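Structure file data-v4.cif (mmCIF, C-alpha atoms; chains and numbers go by the auth columns) follows.
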```
data_entry
#
loop_
_atom_site.group_PDB
_atom_site.id
_atom_site.type_symbol
_atom_site.label_atom_id
_atom_site.label_comp_id
_atom_site.label_asym_id
_atom_site.label_seq_id
_atom_site.Cartn_x
_atom_site.Cartn_y
_atom_site.Cartn_z
_atom_site.B_iso_or_equiv
_atom_site.auth_seq_id
_atom_site.auth_asym_id
ATOM 1 C CA MET A 1 103.420 112.075 88.899 0.00 27 A
ATOM 2 C CA ASP A 2 103.012 115.859 88.979 0.00 28 A
ATOM 3 C CA SER A 3 99.284 115.642 89.728 0.00 29 A
ATOM 4 C CA ILE A 4 99.922 113.240 92.617 0.00 30 A
ATOM 5 C CA ARG A 5 102.757 115.451 93.854 0.00 31 A
ATOM 6 C CA ASN A 6 100.267 118.261 94.319 0.00 32 A
ATOM 7 C CA ILE A 7 98.241 116.201 96.808 0.00 33 A
ATOM 8 C CA ILE A 8 101.142 114.344 98.486 0.00 34 A
ATOM 9 C CA GLY A 9 103.652 117.162 98.868 0.00 35 A
ATOM 10 C CA GLY A 10 103.990 118.341 102.450 0.00 36 A
ATOM 11 C CA LYS A 11 102.407 115.259 104.028 0.00 37 A
ATOM 12 C CA LYS A 12 104.313 113.865 107.012 0.00 38 A
ATOM 13 C CA GLY A 13 104.447 110.207 107.922 0.00 39 A
ATOM 14 C CA LEU A 14 106.160 107.215 109.445 0.00 40 A
ATOM 15 C CA ILE A 15 107.593 104.339 107.417 0.00 41 A
ATOM 16 C CA VAL A 16 108.444 101.169 109.325 0.00 42 A
ATOM 17 C CA GLY A 17 110.192 98.216 107.725 0.00 43 A
ATOM 18 C CA ILE A 18 113.163 99.447 105.708 0.00 44 A
ATOM 19 C CA ALA A 19 115.899 96.810 105.918 0.00 45 A
ATOM 20 C CA ASN A 20 117.751 97.489 102.662 0.00 46 A
ATOM 21 C CA GLU A 21 117.194 98.981 99.217 0.00 47 A
ATOM 22 C CA ASN A 22 115.123 95.955 98.155 0.00 48 A
ATOM 23 C CA SER A 23 112.572 96.356 100.950 0.00 49 A
ATOM 24 C CA ILE A 24 108.958 97.131 100.114 0.00 50 A
ATOM 25 C CA ALA A 25 109.153 99.922 102.690 0.00 51 A
ATOM 26 C CA TYR A 26 112.116 101.441 100.853 0.00 52 A
ATOM 27 C CA GLY A 27 110.196 101.355 97.569 0.00 53 A
ATOM 28 C CA CYS A 28 107.366 103.241 99.265 0.00 54 A
ATOM 29 C CA ALA A 29 109.769 105.729 100.830 0.00 55 A
ATOM 30 C CA SER A 30 111.560 106.379 97.544 0.00 56 A
ATOM 31 C CA VAL A 31 108.329 107.121 95.681 0.00 57 A
ATOM 32 C CA LEU A 32 106.913 109.280 98.467 0.00 58 A
ATOM 33 C CA LYS A 33 110.168 111.246 98.678 0.00 59 A
ATOM 34 C CA GLN A 34 109.979 111.987 94.946 0.00 60 A
ATOM 35 C CA LEU A 35 106.426 113.212 95.483 0.00 61 A
ATOM 36 C CA GLY A 36 107.399 115.643 98.217 0.00 62 A
ATOM 37 C CA ALA A 37 106.377 113.784 101.372 0.00 63 A
ATOM 38 C CA GLU A 38 108.469 113.857 104.539 0.00 64 A
ATOM 39 C CA PHE A 39 108.717 110.896 106.869 0.00 65 A
ATOM 40 C CA ALA A 40 110.368 109.306 109.862 0.00 66 A
ATOM 41 C CA VAL A 41 112.273 106.057 109.274 0.00 67 A
ATOM 42 C CA THR A 42 113.045 103.255 111.714 0.00 68 A
ATOM 43 C CA TYR A 43 115.587 100.450 111.848 0.00 69 A
ATOM 44 C CA LEU A 44 115.301 97.199 113.780 0.00 70 A
ATOM 45 C CA ASN A 45 118.524 97.230 115.800 0.00 71 A
ATOM 46 C CA GLU A 46 122.198 98.224 115.816 0.00 72 A
ATOM 47 C CA LYS A 47 123.075 95.554 113.274 0.00 73 A
ATOM 48 C CA ALA A 48 120.417 96.846 110.874 0.00 74 A
ATOM 49 C CA GLU A 49 121.308 100.512 111.394 0.00 75 A
ATOM 50 C CA LYS A 50 124.431 100.360 109.207 0.00 76 A
ATOM 51 C CA TYR A 51 122.238 99.332 106.245 0.00 77 A
ATOM 52 C CA VAL A 52 119.281 101.605 106.955 0.00 78 A
ATOM 53 C CA ARG A 53 121.034 104.799 108.051 0.00 79 A
ATOM 54 C CA PRO A 54 122.605 105.547 104.609 0.00 80 A
ATOM 55 C CA LEU A 55 119.209 105.020 102.957 0.00 81 A
ATOM 56 C CA ALA A 56 117.523 107.279 105.515 0.00 82 A
ATOM 57 C CA ASP A 57 120.154 109.950 104.836 0.00 83 A
ATOM 58 C CA GLN A 58 119.589 109.611 101.098 0.00 84 A
ATOM 59 C CA LEU A 59 115.854 110.004 101.698 0.00 85 A
ATOM 60 C CA GLU A 60 116.561 113.029 103.934 0.00 86 A
ATOM 61 C CA ALA A 61 114.472 111.547 106.744 0.00 87 A
ATOM 62 C CA PRO A 62 114.460 114.048 109.631 0.00 88 A
ATOM 63 C CA ILE A 63 113.727 111.353 112.224 0.00 89 A
ATOM 64 C CA VAL A 64 115.665 108.066 112.228 0.00 90 A
ATOM 65 C CA MET A 65 115.168 105.823 115.249 0.00 91 A
ATOM 66 C CA PRO A 66 115.478 102.218 116.402 0.00 92 A
ATOM 67 C CA LEU A 67 112.243 100.250 116.546 0.00 93 A
ATOM 68 C CA ASP A 68 111.832 96.675 117.656 0.00 94 A
ATOM 69 C CA VAL A 69 108.105 96.356 118.345 0.00 95 A
ATOM 70 C CA GLU A 70 108.822 93.559 120.817 0.00 96 A
ATOM 71 C CA LYS A 71 110.855 95.896 123.041 0.00 97 A
ATOM 72 C CA PRO A 72 108.672 97.859 125.474 0.00 98 A
ATOM 73 C CA GLY A 73 108.823 101.602 125.037 0.00 99 A
ATOM 74 C CA GLN A 74 110.476 101.790 121.629 0.00 100 A
ATOM 75 C CA LEU A 75 107.269 102.325 119.646 0.00 101 A
ATOM 76 C CA GLN A 76 106.081 104.971 122.088 0.00 102 A
ATOM 77 C CA ALA A 77 109.457 106.719 121.781 0.00 103 A
ATOM 78 C CA VAL A 78 109.097 106.946 117.997 0.00 104 A
ATOM 79 C CA PHE A 79 105.655 108.531 118.258 0.00 105 A
ATOM 80 C CA ASP A 80 106.848 110.870 121.003 0.00 106 A
ATOM 81 C CA ALA A 81 109.623 112.108 118.691 0.00 107 A
ATOM 82 C CA ILE A 82 107.108 112.638 115.870 0.00 108 A
ATOM 83 C CA SER A 83 104.777 114.512 118.205 0.00 109 A
ATOM 84 C CA GLN A 84 107.598 116.735 119.446 0.00 110 A
ATOM 85 C CA GLN A 85 108.983 117.525 115.976 0.00 111 A
ATOM 86 C CA TRP A 86 105.783 117.788 113.906 0.00 112 A
ATOM 87 C CA GLY A 87 102.841 117.676 116.273 0.00 113 A
ATOM 88 C CA LYS A 88 100.880 115.839 113.578 0.00 114 A
ATOM 89 C CA LEU A 89 100.958 112.810 111.321 0.00 115 A
ATOM 90 C CA ASP A 90 99.377 112.202 107.914 0.00 116 A
ATOM 91 C CA PHE A 91 100.288 108.580 107.199 0.00 117 A
ATOM 92 C CA VAL A 92 101.852 105.404 108.542 0.00 118 A
ATOM 93 C CA ILE A 93 103.235 102.563 106.419 0.00 119 A
ATOM 94 C CA HIS A 94 103.619 99.348 108.418 0.00 120 A
ATOM 95 C CA SER A 95 105.771 96.865 106.501 0.00 121 A
ATOM 96 C CA ILE A 96 107.108 94.440 109.084 0.00 122 A
ATOM 97 C CA ALA A 97 106.471 90.753 109.668 0.00 123 A
ATOM 98 C CA PHE A 98 108.232 87.929 111.463 0.00 124 A
ATOM 99 C CA CYS A 99 107.762 84.271 112.287 0.00 125 A
ATOM 100 C CA PRO A 100 110.313 81.868 113.783 0.00 126 A
ATOM 101 C CA MET A 101 111.700 79.603 111.056 0.00 127 A
ATOM 102 C CA ASP A 102 110.603 76.348 112.676 0.00 128 A
ATOM 103 C CA ASP A 103 107.015 77.565 112.786 0.00 129 A
ATOM 104 C CA LEU A 104 107.131 79.149 109.323 0.00 130 A
ATOM 105 C CA HIS A 105 108.421 75.957 107.727 0.00 131 A
ATOM 106 C CA GLY A 106 106.122 73.605 109.607 0.00 132 A
ATOM 107 C CA ARG A 107 102.445 72.774 109.267 0.00 133 A
ATOM 108 C CA VAL A 108 99.902 75.143 110.769 0.00 134 A
ATOM 109 C CA VAL A 109 98.653 72.361 113.034 0.00 135 A
ATOM 110 C CA ASP A 110 102.194 71.917 114.394 0.00 136 A
ATOM 111 C CA CYS A 111 102.814 75.602 115.097 0.00 137 A
ATOM 112 C CA SER A 112 104.031 76.363 118.619 0.00 138 A
ATOM 113 C CA LEU A 113 102.099 78.743 120.836 0.00 139 A
ATOM 114 C CA GLU A 114 105.205 80.886 121.257 0.00 140 A
ATOM 115 C CA GLY A 115 105.807 81.065 117.505 0.00 141 A
ATOM 116 C CA PHE A 116 102.185 81.899 116.778 0.00 142 A
ATOM 117 C CA GLN A 117 102.115 84.621 119.421 0.00 143 A
ATOM 118 C CA GLN A 118 105.360 86.164 118.180 0.00 144 A
ATOM 119 C CA ALA A 119 104.197 86.133 114.559 0.00 145 A
ATOM 120 C CA MET A 120 100.908 87.766 115.572 0.00 146 A
ATOM 121 C CA HIS A 121 102.622 90.358 117.757 0.00 147 A
ATOM 122 C CA VAL A 122 105.189 91.533 115.211 0.00 148 A
ATOM 123 C CA SER A 123 103.131 91.101 112.036 0.00 149 A
ATOM 124 C CA CYS A 124 99.655 92.100 113.197 0.00 150 A
ATOM 125 C CA PHE A 125 99.295 93.538 116.693 0.00 151 A
ATOM 126 C CA SER A 126 102.072 96.062 116.087 0.00 152 A
ATOM 127 C CA PHE A 127 99.856 97.639 113.411 0.00 153 A
ATOM 128 C CA VAL A 128 97.068 97.979 115.966 0.00 154 A
ATOM 129 C CA GLU A 129 99.512 99.633 118.366 0.00 155 A
ATOM 130 C CA MET A 130 100.683 102.048 115.664 0.00 156 A
ATOM 131 C CA ALA A 131 97.107 102.970 114.833 0.00 157 A
ATOM 132 C CA ARG A 132 96.359 103.705 118.487 0.00 158 A
ATOM 133 C CA LEU A 133 99.422 105.966 118.805 0.00 159 A
ATOM 134 C CA ALA A 134 98.819 107.644 115.444 0.00 160 A
ATOM 135 C CA GLU A 135 95.157 108.463 116.120 0.00 161 A
ATOM 136 C CA PRO A 136 95.715 111.558 118.315 0.00 162 A
ATOM 137 C CA LEU A 137 98.310 112.901 115.851 0.00 163 A
ATOM 138 C CA MET A 138 96.007 112.554 112.851 0.00 164 A
ATOM 139 C CA LYS A 139 94.037 115.635 113.794 0.00 165 A
ATOM 140 C CA ASP A 140 93.039 116.345 110.204 0.00 166 A
ATOM 141 C CA GLY A 141 92.596 112.705 109.210 0.00 167 A
ATOM 142 C CA GLY A 142 95.209 110.431 107.714 0.00 168 A
ATOM 143 C CA THR A 143 95.996 107.052 106.227 0.00 169 A
ATOM 144 C CA LEU A 144 97.266 103.836 107.834 0.00 170 A
ATOM 145 C CA ILE A 145 98.661 101.193 105.488 0.00 171 A
ATOM 146 C CA THR A 146 99.938 97.694 106.193 0.00 172 A
ATOM 147 C CA MET A 147 101.345 94.989 103.921 0.00 173 A
ATOM 148 C CA SER A 148 99.507 91.707 103.419 0.00 174 A
ATOM 149 C CA TYR A 149 99.764 88.836 100.920 0.00 175 A
ATOM 150 C CA TYR A 150 97.480 86.610 98.823 0.00 176 A
ATOM 151 C CA GLY A 151 98.077 83.788 101.316 0.00 177 A
ATOM 152 C CA ALA A 152 95.719 85.577 103.711 0.00 178 A
ATOM 153 C CA ASP A 153 92.779 84.684 101.472 0.00 179 A
ATOM 154 C CA LYS A 154 93.839 81.452 99.741 0.00 180 A
ATOM 155 C CA VAL A 155 96.071 78.575 100.765 0.00 181 A
ATOM 156 C CA VAL A 156 99.552 79.178 99.351 0.00 182 A
ATOM 157 C CA GLU A 157 101.918 76.250 99.646 0.00 183 A
ATOM 158 C CA ASN A 158 104.763 76.890 102.098 0.00 184 A
ATOM 159 C CA TYR A 159 103.271 80.175 103.367 0.00 185 A
ATOM 160 C CA ASN A 160 101.943 78.174 106.314 0.00 186 A
ATOM 161 C CA ILE A 161 101.196 80.021 109.578 0.00 187 A
ATOM 162 C CA MET A 162 101.748 83.439 107.977 0.00 188 A
ATOM 163 C CA GLY A 163 98.502 82.923 106.036 0.00 189 A
ATOM 164 C CA PRO A 164 96.299 83.039 109.156 0.00 190 A
ATOM 165 C CA VAL A 165 98.445 85.854 110.580 0.00 191 A
ATOM 166 C CA LYS A 166 97.968 87.978 107.462 0.00 192 A
ATOM 167 C CA ALA A 167 94.242 87.136 107.455 0.00 193 A
ATOM 168 C CA ALA A 168 94.060 88.560 110.978 0.00 194 A
ATOM 169 C CA LEU A 169 95.972 91.630 109.790 0.00 195 A
ATOM 170 C CA GLU A 170 93.467 92.256 106.983 0.00 196 A
ATOM 171 C CA SER A 171 90.577 91.793 109.390 0.00 197 A
ATOM 172 C CA VAL A 172 91.899 94.267 111.977 0.00 198 A
ATOM 173 C CA SER A 173 92.435 96.740 109.121 0.00 199 A
ATOM 174 C CA ARG A 174 88.734 96.565 108.281 0.00 200 A
ATOM 175 C CA TYR A 175 87.639 96.934 111.900 0.00 201 A
ATOM 176 C CA MET A 176 89.987 99.871 112.470 0.00 202 A
ATOM 177 C CA ALA A 177 88.749 101.490 109.241 0.00 203 A
ATOM 178 C CA ASN A 178 85.256 101.395 110.735 0.00 204 A
ATOM 179 C CA GLU A 179 86.346 102.698 114.127 0.00 205 A
ATOM 180 C CA LEU A 180 88.593 105.491 112.846 0.00 206 A
ATOM 181 C CA GLY A 181 86.522 106.501 109.828 0.00 207 A
ATOM 182 C CA PRO A 182 84.555 109.200 111.685 0.00 208 A
ATOM 183 C CA LYS A 183 87.873 110.954 112.393 0.00 209 A
ATOM 184 C CA GLY A 184 88.829 110.940 108.728 0.00 210 A
ATOM 185 C CA ILE A 185 91.441 108.224 109.215 0.00 211 A
ATOM 186 C CA ARG A 186 91.507 105.662 106.423 0.00 212 A
ATOM 187 C CA VAL A 187 92.990 102.175 106.845 0.00 213 A
ATOM 188 C CA HIS A 188 94.137 99.815 104.097 0.00 214 A
ATOM 189 C CA ALA A 189 96.004 96.568 103.597 0.00 215 A
ATOM 190 C CA VAL A 190 98.114 96.491 100.439 0.00 216 A
ATOM 191 C CA SER A 191 98.742 92.998 99.076 0.00 217 A
ATOM 192 C CA PRO A 192 101.724 92.833 96.705 0.00 218 A
ATOM 193 C CA GLY A 193 102.555 89.807 94.622 0.00 219 A
ATOM 194 C CA PRO A 194 105.719 87.905 95.588 0.00 220 A
ATOM 195 C CA LEU A 195 108.795 90.137 95.683 0.00 221 A
ATOM 196 C CA ARG A 196 112.436 89.222 96.134 0.00 222 A
ATOM 197 C CA THR A 197 112.901 90.808 99.539 0.00 223 A
ATOM 198 C CA ARG A 198 114.992 89.594 102.460 0.00 224 A
ATOM 199 C CA ALA A 199 111.828 88.772 104.426 0.00 225 A
ATOM 200 C CA ALA A 200 110.431 86.656 101.577 0.00 226 A
ATOM 201 C CA SER A 201 113.640 84.644 101.328 0.00 227 A
ATOM 202 C CA GLY A 202 112.607 82.757 104.465 0.00 228 A
ATOM 203 C CA ILE A 203 109.682 81.107 102.651 0.00 229 A
ATOM 204 C CA ALA A 204 110.507 77.585 101.478 0.00 230 A
ATOM 205 C CA HIS A 205 110.640 77.036 97.688 0.00 231 A
ATOM 206 C CA PHE A 206 110.210 80.760 97.088 0.00 232 A
ATOM 207 C CA ASP A 207 111.591 80.541 93.534 0.00 233 A
ATOM 208 C CA ALA A 208 108.706 78.249 92.586 0.00 234 A
ATOM 209 C CA LEU A 209 106.259 80.795 94.013 0.00 235 A
ATOM 210 C CA ILE A 210 107.877 83.498 91.870 0.00 236 A
ATOM 211 C CA SER A 211 107.676 81.375 88.720 0.00 237 A
ATOM 212 C CA ASP A 212 104.019 80.558 89.325 0.00 238 A
ATOM 213 C CA ALA A 213 103.175 84.236 89.879 0.00 239 A
ATOM 214 C CA ILE A 214 104.770 85.231 86.571 0.00 240 A
ATOM 215 C CA ALA A 215 103.108 82.406 84.664 0.00 241 A
ATOM 216 C CA ARG A 216 99.604 82.922 86.076 0.00 242 A
ATOM 217 C CA ALA A 217 99.333 86.694 86.410 0.00 243 A
ATOM 218 C CA PRO A 218 97.482 88.347 83.502 0.00 244 A
ATOM 219 C CA GLN A 219 100.361 90.822 83.179 0.00 245 A
ATOM 220 C CA ASN A 220 102.862 87.927 83.106 0.00 246 A
ATOM 221 C CA ARG A 221 105.303 89.802 85.282 0.00 247 A
ATOM 222 C CA LEU A 222 106.318 90.422 88.842 0.00 248 A
ATOM 223 C CA VAL A 223 105.478 93.756 90.355 0.00 249 A
ATOM 224 C CA ASP A 224 108.316 95.697 91.947 0.00 250 A
ATOM 225 C CA ILE A 225 108.700 97.842 95.041 0.00 251 A
ATOM 226 C CA GLU A 226 108.056 101.017 93.014 0.00 252 A
ATOM 227 C CA ASP A 227 104.671 99.611 91.922 0.00 253 A
ATOM 228 C CA VAL A 228 103.788 99.134 95.576 0.00 254 A
ATOM 229 C CA GLY A 229 105.070 102.611 96.413 0.00 255 A
ATOM 230 C CA MET A 230 102.911 104.224 93.738 0.00 256 A
ATOM 231 C CA THR A 231 99.848 102.406 95.044 0.00 257 A
ATOM 232 C CA CYS A 232 100.566 103.614 98.576 0.00 258 A
ATOM 233 C CA ALA A 233 101.069 107.151 97.276 0.00 259 A
ATOM 234 C CA PHE A 234 97.608 107.050 95.729 0.00 260 A
ATOM 235 C CA LEU A 235 96.029 105.682 98.904 0.00 261 A
ATOM 236 C CA ILE A 236 97.723 108.360 101.019 0.00 262 A
ATOM 237 C CA SER A 237 96.667 111.112 98.646 0.00 263 A
ATOM 238 C CA ASP A 238 93.365 112.929 98.853 0.00 264 A
ATOM 239 C CA ALA A 239 92.482 111.329 95.507 0.00 265 A
ATOM 240 C CA ALA A 240 91.664 108.189 97.541 0.00 266 A
ATOM 241 C CA ARG A 241 89.601 110.029 100.149 0.00 267 A
ATOM 242 C CA GLY A 242 86.542 107.889 99.377 0.00 268 A
ATOM 243 C CA LEU A 243 88.334 104.576 99.996 0.00 269 A
ATOM 244 C CA THR A 244 88.912 102.810 103.290 0.00 270 A
ATOM 245 C CA GLY A 245 89.016 99.283 104.673 0.00 271 A
ATOM 246 C CA GLN A 246 90.270 97.845 101.393 0.00 272 A
ATOM 247 C CA THR A 247 92.726 95.066 100.669 0.00 273 A
ATOM 248 C CA VAL A 248 94.376 96.454 97.551 0.00 274 A
ATOM 249 C CA TYR A 249 96.133 93.859 95.387 0.00 275 A
ATOM 250 C CA VAL A 250 99.266 94.955 93.535 0.00 276 A
ATOM 251 C CA ASP A 251 100.137 91.689 91.829 0.00 277 A
ATOM 252 C CA GLY A 252 99.678 92.047 88.082 0.00 278 A
ATOM 253 C CA GLY A 253 96.220 90.498 88.464 0.00 279 A
ATOM 254 C CA HIS A 254 97.450 87.196 89.924 0.00 280 A
ATOM 255 C CA HIS A 255 94.750 87.150 92.620 0.00 281 A
ATOM 256 C CA ILE A 256 91.879 87.079 90.083 0.00 282 A
ATOM 257 C CA MET A 257 92.987 83.765 88.595 0.00 283 A
ATOM 258 C CA ALA A 258 91.361 80.517 89.702 0.00 284 A
#
```

Rewrite the structure from the file as structure tokens, please.
Amino acid sequence: MDSIRNIIGGKKGLIVGIANENSIAYGCASVLKQLGAEFAVTYLNEKAEKYVRPLADQLEAPIVMPLDVEKPGQLQAVFDAISQQWGKLDFVIHSIAFCPMDDLHGRVVDCSLEGFQQAMHVSCFSFVEMARLAEPLMKDGGTLITMSYYGADKVVENYNIMGPVKAALESVSRYMANELGPKGIRVHAVSPGPLRTRAASGIAHFDALISDAIARAPQNRLVDIEDVGMTCAFLISDAARGLTGQTVYVDGGHHIMA
């Protein structure tokens, strides 16, 4: 931890996706705070603020703002605040996804246009928007990280339309890694194994997915949000300066099994 602290300490970033203390984004924030990073935190809406604000205070986040990526102007406002306060940005962690329940629980071939577009906007295009706004602030390079899942690469029962959406997310990460690489900006998708988060609870038969992951993973365990946070810390650090465009699996080895 101390060696990583030396190359994380002082970095400034944005973490999007904290809903409660079980969120992947919170696990990342907690680890990065311990390692000396400073970051802005967002919450979805007024209802979510009462859960996120105490966590943001505990993390000593200097910028805490509402962010619904579907509401025009809110994302720009967050980056404007970062620009005004810091004038720079070293990392972004994008950990948000959404799909209407009817579309998530139905077959891909039955997905509505509206549901598909909303899932793509919130889960994928918002990362593109964040990259575009972060680029001018990453004057000395930086790291953009988003959260994917194994269902982007293989068919996972009940993951349904989110599989193609996450596949698109991984693809745009690779293309942006190529486009932003000359500026020293690295882009990664991190793919955790199944975690008991509020977002994951919307997946049908999620307990069966958890049991299968434990049984089939070489480590025979679930990863936790701290595992994901430590991986992100490494990717953000200069120790990972030679890596970009990767989909990094944090799943106890589950993805290597046939």

(message) When the PyMOL selection byres ((chain A and resi 198) around 12) is applied to the structure above, which residues does it catch, written out as a ChimeraX atom specification?
(response) /A:146,149-155,157,170-172,174,191-197,199-206,213-215,271-273

Neighbouring residues of Phe65 (chain A) were defined as those with any atom within 6 Å, considering only C-alpha atoms; residues of the same chain fewer than 5 positions away were excluded. Please report them as a PDB file with C-alpha atoms, in the frame of the given file.
```
ATOM      1  CA  LYS A  38     104.313 113.865 107.012  1.00  0.00           C
ATOM      2  CA  GLY A  39     104.447 110.207 107.922  1.00  0.00           C
ATOM      3  CA  LEU A  40     106.160 107.215 109.445  1.00  0.00           C
ATOM      4  CA  ALA A  87     114.472 111.547 106.744  1.00  0.00           C
TER       5      ALA A  87
END
```

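The space between CA of Asp277 (chain A) and CA of Ala74 (chain A) spans 28.3 Å.
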
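Counting only C-alpha atoms and comparing A:Pro208, A:Asp129, A:Pro80, A:Asp166, the residue that lies closest to Leu115 (chain A) is A:Asp166.
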
(message) Please determine, counting all atoms listed in the file, which residue among A:Ala284, A:Val249, A:Val148, A:Cys258 has the shortest atom-to-atom distance to Thr169 (chain A).
(response)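 So, comparing all the options, the nearest one is A:Cys258.
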
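With CA of Leu85 (chain A) on one side and CA of Tyr69 (chain A) on the other, the separation reads 13.9 Å.
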
Please enumerate the residues selected by the PyMOL selection byres ((chain A and resi 43-47) around 6) when evaluated against the supplied file, formatted as a compact mmCIF listing (two decimals) with C-alpha atoms, in the coordinates of the input.
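After the write, result-v5.txt holds the following:
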```
# COMPACT_ATOMS: atom_id res chain seq x y z
CA VAL A 42 108.44 101.17 109.32
CA ASN A 48 115.12 95.96 98.16
CA SER A 49 112.57 96.36 100.95
CA ALA A 51 109.15 99.92 102.69
CA TYR A 52 112.12 101.44 100.85
CA VAL A 78 119.28 101.60 106.96
CA SER A 121 105.77 96.86 106.50
CA ILE A 122 107.11 94.44 109.08
```

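Our summary of the geometry notes that CA of Ala266 (chain A) is positioned 16.7 Å from CA of Gly36 (chain A).
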
(request) For each of A:Leu269, A:Ala145, A:Ile108, A:Cys137, take the minimum atom-to-atom distance to Ala66 (chain A), counting all atoms listed in the file, then give the residue where this is smallest. (result) A:Ile108

(message) For a quick check of understanding, using only C-alpha atoms, which of A:Pro98, A:Pro218, A:Gly210, A:Gly141 has the smallest distance to Met256 (chain A)?
(response)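 The closest residue to Met256 (chain A) is A:Pro218.
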
(request) May I ask which of the residues A:Phe105, A:Met188, A:Ile50, A:Gln84 is the closest one to Phe124 (chain A), counting all atoms listed in the file? (result) A:Met188

(message) Which residues are close to Ser138 (chain A), i.e. within 12 Å by all atoms listed in the file, leaving aside same-chain residues fewer than 3 positions away? Reply as a ChimeraX atom specification.
(response) /A:125-135,141-145,187

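Here the question is which of A:Val216, A:Leu70, A:Ile236, A:Ile41 gets nearest to Leu58 (chain A) using all atoms listed in the file, and that residue is A:Ile41.
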
(message) Starting from the PyMOL selection byres ((chain A and resi 237) around 12), expand the selection into actual residues of this file and give them as a PyMOL selection string.
(response) chain A and resi 219-222+231-236+238-243+246-248+280

Would you compute, for all listed atoms of region 51-63 of chain A, the axis-aligned bounding box grown by 8 Å on each side, and then report its centre and edge lengths in Å rounded to one decimal, as lines of an AutoDock Vina configuration file?
```
center_x = 109.2
center_y = 107.8
center_z = 98.8
size_x = 21.7
size_y = 31.7
size_z = 23.7
```

(message) Quick one: residues within 8 Å of Leu93 (chain A), only C-alpha atoms, excluding same-chain residues fewer than 3 positions away - as a ChimeraX atom specification?
(response) /A:68-71,97,100-101,104

Just write the chosen residues, C-alpha atoms, as a short mmCIF file (atom, residue, chain, number, x, y, z; two decimals), keeping the file's coordinate frame.
```cif
data_model
loop_
_atom_site.label_atom_id
_atom_site.label_comp_id
_atom_site.auth_asym_id
_atom_site.auth_seq_id
_atom_site.Cartn_x
_atom_site.Cartn_y
_atom_site.Cartn_z
CA THR A 68 113.04 103.26 111.71
CA TYR A 69 115.59 100.45 111.85
CA LEU A 70 115.30 97.20 113.78
CA ASN A 71 118.52 97.23 115.80
CA LYS A 97 110.86 95.90 123.04
CA GLN A 100 110.48 101.79 121.63
CA LEU A 101 107.27 102.32 119.65
CA VAL A 104 109.10 106.95 118.00
#
```
